[in-house]
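**Q** Right, I'll just put the structure down here and ask away after.
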Amino acid sequence: MDEPELLPRSPLPCLLRDFEEPDCAPLDCTPWTAMSALQKSIRRGRTQIALAAASTLLTQSPERLWRRLACIAFEDIGLGDVEVTALTTAAIGGKRVRATLGGEWKVASFLITRMANATKCRAADDLLLVAENHPTFESQRLQLGFSMIPDLLRIVASTDPLPVRALAAWFALGTDRRPSPRLARRHGDIASLFAAVREILPPELVEIAWEGHRRSGEVLPIFMALLAPQLRHELTSVHDDEVPVEIMVGPIPGWCLDVYTRPGRASLATLIEGSTETARWVRAHIPPRQRVQFLGTIIFRLEGQSSQRRLRWPIADELRRAVDYECNGAHCRDATEILRLARADLGELNAIRTELMEVSSHDS
């Protein structure tokens, strides 16, 4: 299929013309911590921290900045603000594109400011997690991995449950470029999938999804497009998520230290070895090698995904509920109790984070 040229029709050049670049000093942290701070600050509408994290990445690892912004566009903004999602997709085309728009920092700071203030929709990411992990769809994960492309495309266009259609689209797209431990690895037929969804989905969203997948290799763009017709018939509202008490750990909030950062993993491991109710529950229910990752996922449910201006609608709310409570692995079929315990122990986790960061600062 022909690749649509998104940038020539994008309003991005006009919008950037009058945008004044902010001055922003980098954070004193690793690229991994900066990536966490960038994404979580955008979710929470914390523009200054997000800009500082972006400045860090642009200095230390610019390719990580653009990959992360591409991810954030579909994981956290999506249908909440389709224009911002499209603008970001247009801007990740490469250095030469951004040079014509005023340079790396001008484009990045503009996009981050827009993203932090945008309405957020995490439904595409929640759909991915339900399709990949929910026990209800275990048989479909096995069966669809061996289905022929025409059969997968028929399911994508069917009235089957949304996670089943998402799985069919995922296998049709191919699971070899971004492998999942829960799905059979196989080649897809990208052109056939997008030709099929053009027949059933809004063309402008299919165009954005095509560009988003082509440039990032991620499956979330097509999931966003699959969700769009569902949103059209739903009552929506916009609300801020309730967020736990925040503390600063050096130059960053404690919630930046997640399971994908070294100090975040160390903090979780220390908590698990302690005497809190959370620690006792995790040691009683979760095998040793899985404990840090499991608890990191639970902490993400409580603080990492918290969003300012989240788009609320029934399907998105149900997907989020299923992810929070029912997609945490074979050793935790219902996360109600561990979520309650971990929420009560977030203060202890933050104290551990603070102590570890102080030790690290003294050692360096």
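Every chain in the structure tokens has a letter given in the order shown (A, B, ...), and although residue numbers restart at 1 in each chain, ligands are simply numbered from 1 in the order shown.
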Run DSSP on the backbone of this structure and report the residues of stretch 1-199 of chain A it assigns to helix (DSSP H, G or I), as number ranges by chain.

**A** A: 7-9, 12-17, 31-44, 47-60, 62-80, 82-91, 95-100, 104-117, 123-133, 135-144, 149-156, 162-173, 190-197

**Q** When you look at A:Trp170 with a cut-off of 9 Å (counting only C-alpha atoms), what residues show up, excluding the ones that are within fewer than 5 positions of it in the same chain? I need them as a short mmCIF file (atom, residue, chain, number, x, y, z; two decimals) with N, CA and C atoms, in the first residue's frame.

**A**
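Heads up, here's the output in out27.cif:
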```cif
data_model
loop_
_atom_site.label_atom_id
_atom_site.label_comp_id
_atom_site.auth_asym_id
_atom_site.auth_seq_id
_atom_site.Cartn_x
_atom_site.Cartn_y
_atom_site.Cartn_z
N ARG A 165 -10.62 -9.27 19.01
CA ARG A 165 -10.32 -8.56 17.76
C ARG A 165 -8.92 -7.95 17.83
N THR A 175 3.95 -10.69 15.30
CA THR A 175 4.47 -10.62 16.67
C THR A 175 5.98 -10.81 16.72
N GLY A 188 3.57 -11.33 10.14
CA GLY A 188 2.25 -10.85 9.80
C GLY A 188 2.18 -10.39 8.35
N VAL A 219 2.37 -1.92 18.36
CA VAL A 219 1.02 -2.38 18.04
C VAL A 219 -0.04 -1.40 18.54
N ILE A 222 -2.63 0.60 16.11
CA ILE A 222 -3.79 -0.07 15.53
C ILE A 222 -4.85 -0.32 16.61
N PHE A 223 -4.43 -0.52 17.85
CA PHE A 223 -5.42 -0.69 18.93
C PHE A 223 -6.18 0.61 19.16
#
```

**Q** Dump as CSV the rows for residues of stretch 148-249 of chain A within 10 Å of stretch 118-121 of chain A: closest atom pair and distance in Å with one decimal, only C-alpha atoms counted, ordered by chain and rising residue number.

**A**
```
residue,atom,partner,partner_atom,distance
A:Met224,CA,A:Cys121,CA,9.5
A:Val238,CA,A:Thr119,CA,7.4
A:His239,CA,A:Thr119,CA,9.1
A:Asp240,CA,A:Lys120,CA,9.6
```

**Q** Can you spit out the residues from that selection as a PDB file, in the first residue's frame, using C-alpha atoms?

**A**
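Just written: again10.pdb:
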```
ATOM      1  CA  MET A 224      -6.188   3.023  19.196  1.00  0.00           C
ATOM      2  CA  VAL A 238     -12.754  14.031  31.757  1.00  0.00           C
ATOM      3  CA  HIS A 239     -11.427  13.627  35.304  1.00  0.00           C
ATOM      4  CA  ASP A 240      -8.112  13.785  37.133  1.00  0.00           C
TER       5      ASP A 240
END
```

**Q** I need the residues of stretch 87-336 of chain A that end up classed as strand (DSSP E) by DSSP on the backbone, written out as a PyMOL selection string.

**A** chain A and resi 237-239+248-249+252-253+310-312

**Q** For each of A:Leu235, A:Leu167, A:Leu302, A:Leu153, take the minimum atom-to-atom distance to A:Ala344, counting only C-alpha atoms, then give the residue where this is smallest.

**A**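 Using only C-alpha atoms, A:Ala344 sits closest to A:Leu302.
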
**Q** I'd like the neighbourhood of A:Phe146 as a ChimeraX atom specification, where a residue qualifies if any of its atoms comes within 12 Å (using only C-alpha atoms), though same-chain residues fewer than 6 positions away should be ignored.

**A** /A:139-140,152,167-168,171-172,174-175,183-188

**Q** Keeping only C-alpha atoms, take the residues you just selected and write them out as a PDB file, in the first residue's frame.

**A**
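Once written, again_18.pdb looks like this:
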```
ATOM      1  CA  SER A 139      -7.528 -20.043  24.442  1.00  0.00           C
ATOM      2  CA  GLN A 140      -7.744 -17.259  21.852  1.00  0.00           C
ATOM      3  CA  LEU A 152      -7.552 -13.100  11.388  1.00  0.00           C
ATOM      4  CA  LEU A 167      -5.416 -10.239  19.358  1.00  0.00           C
ATOM      5  CA  ALA A 168      -6.379 -11.010  15.781  1.00  0.00           C
ATOM      6  CA  PHE A 171      -1.157 -11.549  14.990  1.00  0.00           C
ATOM      7  CA  ALA A 172      -2.051 -10.115  11.578  1.00  0.00           C
ATOM      8  CA  GLY A 174       3.057  -9.813  13.251  1.00  0.00           C
ATOM      9  CA  THR A 175       4.466 -10.618  16.670  1.00  0.00           C
ATOM     10  CA  LEU A 183       2.037 -14.875  22.203  1.00  0.00           C
ATOM     11  CA  ALA A 184       3.390 -17.208  19.526  1.00  0.00           C
ATOM     12  CA  ARG A 185       5.999 -15.465  17.412  1.00  0.00           C
ATOM     13  CA  ARG A 186       5.010 -15.195  13.758  1.00  0.00           C
ATOM     14  CA  HIS A 187       5.224 -12.985  10.703  1.00  0.00           C
ATOM     15  CA  GLY A 188       2.247 -10.846   9.801  1.00  0.00           C
TER      16      GLY A 188
END
```

**Q** What lies within 10 Å of A:Arg154 using only C-alpha atoms, ignoring chain neighbours under 3 positions off, as a list in words?

**A** Ile149, Pro150, Asp151, Ala157, Ser158, Thr159, Arg165, Ala168, Ala169 and Ala196 of chain A

**Q** Can you pull out every residue within 9 Å of stretch 76-82 of chain A, counting only C-alpha atoms, but drop anything in the same chain fewer than 6 positions away, and send it as JSON, numbers by chain?

**A** {"A": [39, 42, 43, 115, 118, 119, 120, 121, 122, 123, 124, 125, 205, 208, 221, 224, 225, 227, 228, 231, 305, 307, 309, 310, 311]}

**Q** Please report as a tab-separated table every residue of stretch 201-316 of chain A lying within 12 Å of stretch 47-62 of chain A, along with the nearest atom pair and their distance in Å (one decimal), using only C-alpha atoms.

**A**
```
residue	atom	partner	partner_atom	distance
A:Met248	CA	A:Ile49	CA	11.5
A:Pro251	CA	A:Ile49	CA	9.0
A:Ile252	CA	A:Ile49	CA	7.6
A:Pro253	CA	A:Ile49	CA	9.0
A:Cys256	CA	A:Ile49	CA	10.4
A:Gln308	CA	A:Thr47	CA	11.4
```

**Q** At most 12 Å is the cut-off: for each residue in stretch 89-172 of chain A with any atom that close to an atom of stretch 316-338 of chain A, write down the nearest atom pair and the distance in Å rounded to one decimal, counting only C-alpha atoms, chain first then increasing number, as a tab-separated table.

**A**
```
residue	atom	partner	partner_atom	distance
A:Lys120	CA	A:Ala316	CA	11.4
A:Cys121	CA	A:Ala316	CA	8.1
A:Arg122	CA	A:Ala316	CA	7.7
A:Ala123	CA	A:Ala316	CA	5.1
A:Ala124	CA	A:Ala316	CA	8.5
A:Asp125	CA	A:Arg320	CA	9.2
A:Asp126	CA	A:Leu319	CA	5.7
A:Leu127	CA	A:Leu319	CA	6.2
A:Leu128	CA	A:Leu319	CA	9.5
A:Leu129	CA	A:Val323	CA	6.5
A:Val130	CA	A:Val323	CA	6.0
A:Ala131	CA	A:Cys327	CA	9.6
A:Glu132	CA	A:Cys327	CA	8.8
A:Asn133	CA	A:Cys327	CA	5.5
A:His134	CA	A:Cys327	CA	5.1
A:Pro135	CA	A:Cys327	CA	7.5
A:Thr136	CA	A:Glu326	CA	9.6
A:Phe137	CA	A:Cys327	CA	11.0
A:Glu138	CA	A:Cys327	CA	11.6
A:Pro161	CA	A:Leu319	CA	11.8
A:Leu162	CA	A:Leu319	CA	10.0
A:Pro163	CA	A:Leu319	CA	9.4
```

**Q** How would the residues just picked look written out with N, CA, C and O atoms as a PDB file, in the first residue's frame?

**A**
```pdb
ATOM      1  N   LYS A 120      -5.906  12.786  28.351  1.00  0.00           N
ATOM      2  CA  LYS A 120      -5.208  11.512  28.221  1.00  0.00           C
ATOM      3  C   LYS A 120      -6.213  10.369  28.034  1.00  0.00           C
ATOM      4  O   LYS A 120      -7.295  10.379  28.617  1.00  0.00           O
ATOM      5  N   CYS A 121      -5.809   9.390  27.239  1.00  0.00           N
ATOM      6  CA  CYS A 121      -6.597   8.165  27.117  1.00  0.00           C
ATOM      7  C   CYS A 121      -5.631   6.990  27.048  1.00  0.00           C
ATOM      8  O   CYS A 121      -4.894   6.853  26.073  1.00  0.00           O
ATOM      9  N   ARG A 122      -5.649   6.148  28.078  1.00  0.00           N
ATOM     10  CA  ARG A 122      -4.765   4.982  28.132  1.00  0.00           C
ATOM     11  C   ARG A 122      -5.481   3.697  27.705  1.00  0.00           C
ATOM     12  O   ARG A 122      -4.990   2.589  27.953  1.00  0.00           O
ATOM     13  N   ALA A 123      -6.616   3.839  27.039  1.00  0.00           N
ATOM     14  CA  ALA A 123      -7.412   2.652  26.704  1.00  0.00           C
ATOM     15  C   ALA A 123      -6.684   1.714  25.758  1.00  0.00           C
ATOM     16  O   ALA A 123      -6.842   0.486  25.843  1.00  0.00           O
ATOM     17  N   ALA A 124      -5.873   2.231  24.817  1.00  0.00           N
ATOM     18  CA  ALA A 124      -5.154   1.353  23.891  1.00  0.00           C
ATOM     19  C   ALA A 124      -4.166   0.471  24.640  1.00  0.00           C
ATOM     20  O   ALA A 124      -4.041  -0.730  24.359  1.00  0.00           O
ATOM     21  N   ASP A 125      -3.451   1.051  25.603  1.00  0.00           N
ATOM     22  CA  ASP A 125      -2.504   0.254  26.386  1.00  0.00           C
ATOM     23  C   ASP A 125      -3.238  -0.742  27.270  1.00  0.00           C
ATOM     24  O   ASP A 125      -2.803  -1.892  27.420  1.00  0.00           O
ATOM     25  N   ASP A 126      -4.349  -0.336  27.859  1.00  0.00           N
ATOM     26  CA  ASP A 126      -5.124  -1.276  28.669  1.00  0.00           C
ATOM     27  C   ASP A 126      -5.684  -2.408  27.809  1.00  0.00           C
ATOM     28  O   ASP A 126      -5.737  -3.567  28.252  1.00  0.00           O
ATOM     29  N   LEU A 127      -6.101  -2.100  26.586  1.00  0.00           N
ATOM     30  CA  LEU A 127      -6.579  -3.141  25.675  1.00  0.00           C
ATOM     31  C   LEU A 127      -5.457  -4.127  25.381  1.00  0.00           C
ATOM     32  O   LEU A 127      -5.673  -5.354  25.361  1.00  0.00           O
ATOM     33  N   LEU A 128      -4.254  -3.638  25.149  1.00  0.00           N
ATOM     34  CA  LEU A 128      -3.110  -4.519  24.908  1.00  0.00           C
ATOM     35  C   LEU A 128      -2.892  -5.445  26.110  1.00  0.00           C
ATOM     36  O   LEU A 128      -2.692  -6.660  25.943  1.00  0.00           O
ATOM     37  N   LEU A 129      -2.928  -4.896  27.314  1.00  0.00           N
ATOM     38  CA  LEU A 129      -2.648  -5.694  28.505  1.00  0.00           C
ATOM     39  C   LEU A 129      -3.736  -6.738  28.756  1.00  0.00           C
ATOM     40  O   LEU A 129      -3.449  -7.863  29.189  1.00  0.00           O
ATOM     41  N   VAL A 130      -4.990  -6.387  28.480  1.00  0.00           N
ATOM     42  CA  VAL A 130      -6.066  -7.366  28.618  1.00  0.00           C
ATOM     43  C   VAL A 130      -5.910  -8.470  27.584  1.00  0.00           C
ATOM     44  O   VAL A 130      -6.005  -9.670  27.900  1.00  0.00           O
ATOM     45  N   ALA A 131      -5.662  -8.094  26.327  1.00  0.00           N
ATOM     46  CA  ALA A 131      -5.494  -9.094  25.270  1.00  0.00           C
ATOM     47  C   ALA A 131      -4.317 -10.021  25.577  1.00  0.00           C
ATOM     48  O   ALA A 131      -4.385 -11.228  25.346  1.00  0.00           O
ATOM     49  N   GLU A 132      -3.252  -9.463  26.113  1.00  0.00           N
ATOM     50  CA  GLU A 132      -2.025 -10.227  26.340  1.00  0.00           C
ATOM     51  C   GLU A 132      -2.074 -11.066  27.604  1.00  0.00           C
ATOM     52  O   GLU A 132      -1.452 -12.143  27.652  1.00  0.00           O
ATOM     53  N   ASN A 133      -2.818 -10.632  28.624  1.00  0.00           N
ATOM     54  CA  ASN A 133      -2.673 -11.238  29.947  1.00  0.00           C
ATOM     55  C   ASN A 133      -3.948 -11.772  30.592  1.00  0.00           C
ATOM     56  O   ASN A 133      -3.856 -12.591  31.510  1.00  0.00           O
ATOM     57  N   HIS A 134      -5.113 -11.314  30.178  1.00  0.00           N
ATOM     58  CA  HIS A 134      -6.320 -11.702  30.909  1.00  0.00           C
ATOM     59  C   HIS A 134      -6.590 -13.194  30.724  1.00  0.00           C
ATOM     60  O   HIS A 134      -6.574 -13.708  29.604  1.00  0.00           O
ATOM     61  N   PRO A 135      -6.860 -13.912  31.836  1.00  0.00           N
ATOM     62  CA  PRO A 135      -7.067 -15.363  31.715  1.00  0.00           C
ATOM     63  C   PRO A 135      -8.261 -15.753  30.856  1.00  0.00           C
ATOM     64  O   PRO A 135      -8.282 -16.852  30.282  1.00  0.00           O
ATOM     65  N   THR A 136      -9.245 -14.889  30.707  1.00  0.00           N
ATOM     66  CA  THR A 136     -10.414 -15.204  29.880  1.00  0.00           C
ATOM     67  C   THR A 136     -10.034 -15.499  28.440  1.00  0.00           C
ATOM     68  O   THR A 136     -10.699 -16.290  27.760  1.00  0.00           O
ATOM     69  N   PHE A 137      -8.954 -14.892  27.957  1.00  0.00           N
ATOM     70  CA  PHE A 137      -8.615 -14.980  26.536  1.00  0.00           C
ATOM     71  C   PHE A 137      -7.412 -15.890  26.269  1.00  0.00           C
ATOM     72  O   PHE A 137      -6.786 -15.792  25.224  1.00  0.00           O
ATOM     73  N   GLU A 138      -7.135 -16.805  27.209  1.00  0.00           N
ATOM     74  CA  GLU A 138      -5.992 -17.698  27.043  1.00  0.00           C
ATOM     75  C   GLU A 138      -6.156 -18.590  25.812  1.00  0.00           C
ATOM     76  O   GLU A 138      -5.208 -18.795  25.039  1.00  0.00           O
ATOM     77  N   PRO A 161     -15.621 -10.023  20.983  1.00  0.00           N
ATOM     78  CA  PRO A 161     -15.160  -9.113  22.041  1.00  0.00           C
ATOM     79  C   PRO A 161     -13.908  -8.347  21.609  1.00  0.00           C
ATOM     80  O   PRO A 161     -13.045  -8.882  20.905  1.00  0.00           O
ATOM     81  N   LEU A 162     -13.816  -7.120  22.045  1.00  0.00           N
ATOM     82  CA  LEU A 162     -12.736  -6.244  21.610  1.00  0.00           C
ATOM     83  C   LEU A 162     -11.343  -6.847  21.850  1.00  0.00           C
ATOM     84  O   LEU A 162     -10.478  -6.748  20.973  1.00  0.00           O
ATOM     85  N   PRO A 163     -11.068  -7.485  23.000  1.00  0.00           N
ATOM     86  CA  PRO A 163      -9.734  -8.078  23.165  1.00  0.00           C
ATOM     87  C   PRO A 163      -9.433  -9.184  22.161  1.00  0.00           C
ATOM     88  O   PRO A 163      -8.278  -9.369  21.773  1.00  0.00           O
TER      89      PRO A 163
END
```

**Q** Using only C-alpha atoms, which protein or nucleic acid residues come within 8 Å of A:Ala269? Drop anything in the same chain fewer than 4 positions from it, and give the result as a list of chain:residue names.

**A**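 Answer for this query is A:Arg265, A:Glu273, A:Val292.
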
**Q** Figure out the distance between atom CA of A:Arg301 and atom CA of A:Val84, please, to one decimal in Å.

**A**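 If I compute the distance from atom CA of A:Val84 to atom CA of A:Arg301, I get 24.8 Å.
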
**Q** Between stretch 107-226 of chain A and stretch 86-92 of chain A, at 12 Å or less, what are the per-residue closest atom pairs and their distances in Å? Count only C-alpha atoms, order by chain and rising residue number, and return it as JSON lines.

**A**
```
{"residue": "A:Val107", "atom": "CA", "partner": "A:Ala91", "partner_atom": "CA", "distance": 7.4}
{"residue": "A:Ala108", "atom": "CA", "partner": "A:Ala91", "partner_atom": "CA", "distance": 8.6}
{"residue": "A:Ser109", "atom": "CA", "partner": "A:Thr88", "partner_atom": "CA", "distance": 11.4}
{"residue": "A:Phe110", "atom": "CA", "partner": "A:Thr88", "partner_atom": "CA", "distance": 9.8}
{"residue": "A:Leu111", "atom": "CA", "partner": "A:Thr88", "partner_atom": "CA", "distance": 6.6}
{"residue": "A:Ile112", "atom": "CA", "partner": "A:Thr88", "partner_atom": "CA", "distance": 9.2}
{"residue": "A:Thr113", "atom": "CA", "partner": "A:Thr88", "partner_atom": "CA", "distance": 11.6}
{"residue": "A:Arg114", "atom": "CA", "partner": "A:Leu87", "partner_atom": "CA", "distance": 9.6}
{"residue": "A:Met115", "atom": "CA", "partner": "A:Thr88", "partner_atom": "CA", "distance": 8.9}
{"residue": "A:Glu204", "atom": "CA", "partner": "A:Ala86", "partner_atom": "CA", "distance": 9.6}
{"residue": "A:Leu205", "atom": "CA", "partner": "A:Ala86", "partner_atom": "CA", "distance": 8.9}
{"residue": "A:Val206", "atom": "CA", "partner": "A:Ala86", "partner_atom": "CA", "distance": 11.1}
{"residue": "A:Glu207", "atom": "CA", "partner": "A:Ala86", "partner_atom": "CA", "distance": 9.3}
{"residue": "A:Ile208", "atom": "CA", "partner": "A:Ala86", "partner_atom": "CA", "distance": 6.0}
{"residue": "A:Ala209", "atom": "CA", "partner": "A:Thr89", "partner_atom": "CA", "distance": 9.0}
{"residue": "A:Trp210", "atom": "CA", "partner": "A:Thr89", "partner_atom": "CA", "distance": 9.9}
{"residue": "A:Glu211", "atom": "CA", "partner": "A:Thr89", "partner_atom": "CA", "distance": 6.7}
{"residue": "A:Gly212", "atom": "CA", "partner": "A:Thr89", "partner_atom": "CA", "distance": 5.7}
{"residue": "A:His213", "atom": "CA", "partner": "A:Thr89", "partner_atom": "CA", "distance": 9.4}
{"residue": "A:Arg214", "atom": "CA", "partner": "A:Thr89", "partner_atom": "CA", "distance": 9.9}
{"residue": "A:Arg215", "atom": "CA", "partner": "A:Ile92", "partner_atom": "CA", "distance": 7.3}
{"residue": "A:Ser216", "atom": "CA", "partner": "A:Ile92", "partner_atom": "CA", "distance": 8.7}
{"residue": "A:Pro221", "atom": "CA", "partner": "A:Thr89", "partner_atom": "CA", "distance": 10.1}
```

**Q** Using only C-alpha atoms, can you tell me which of A:Leu144, A:Ala73, A:Val282, A:Leu271 comes closest to A:Asp345?

**A**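 Ranking A:Leu144, A:Ala73, A:Val282, A:Leu271 by distance to A:Asp345, first place goes to A:Leu271.
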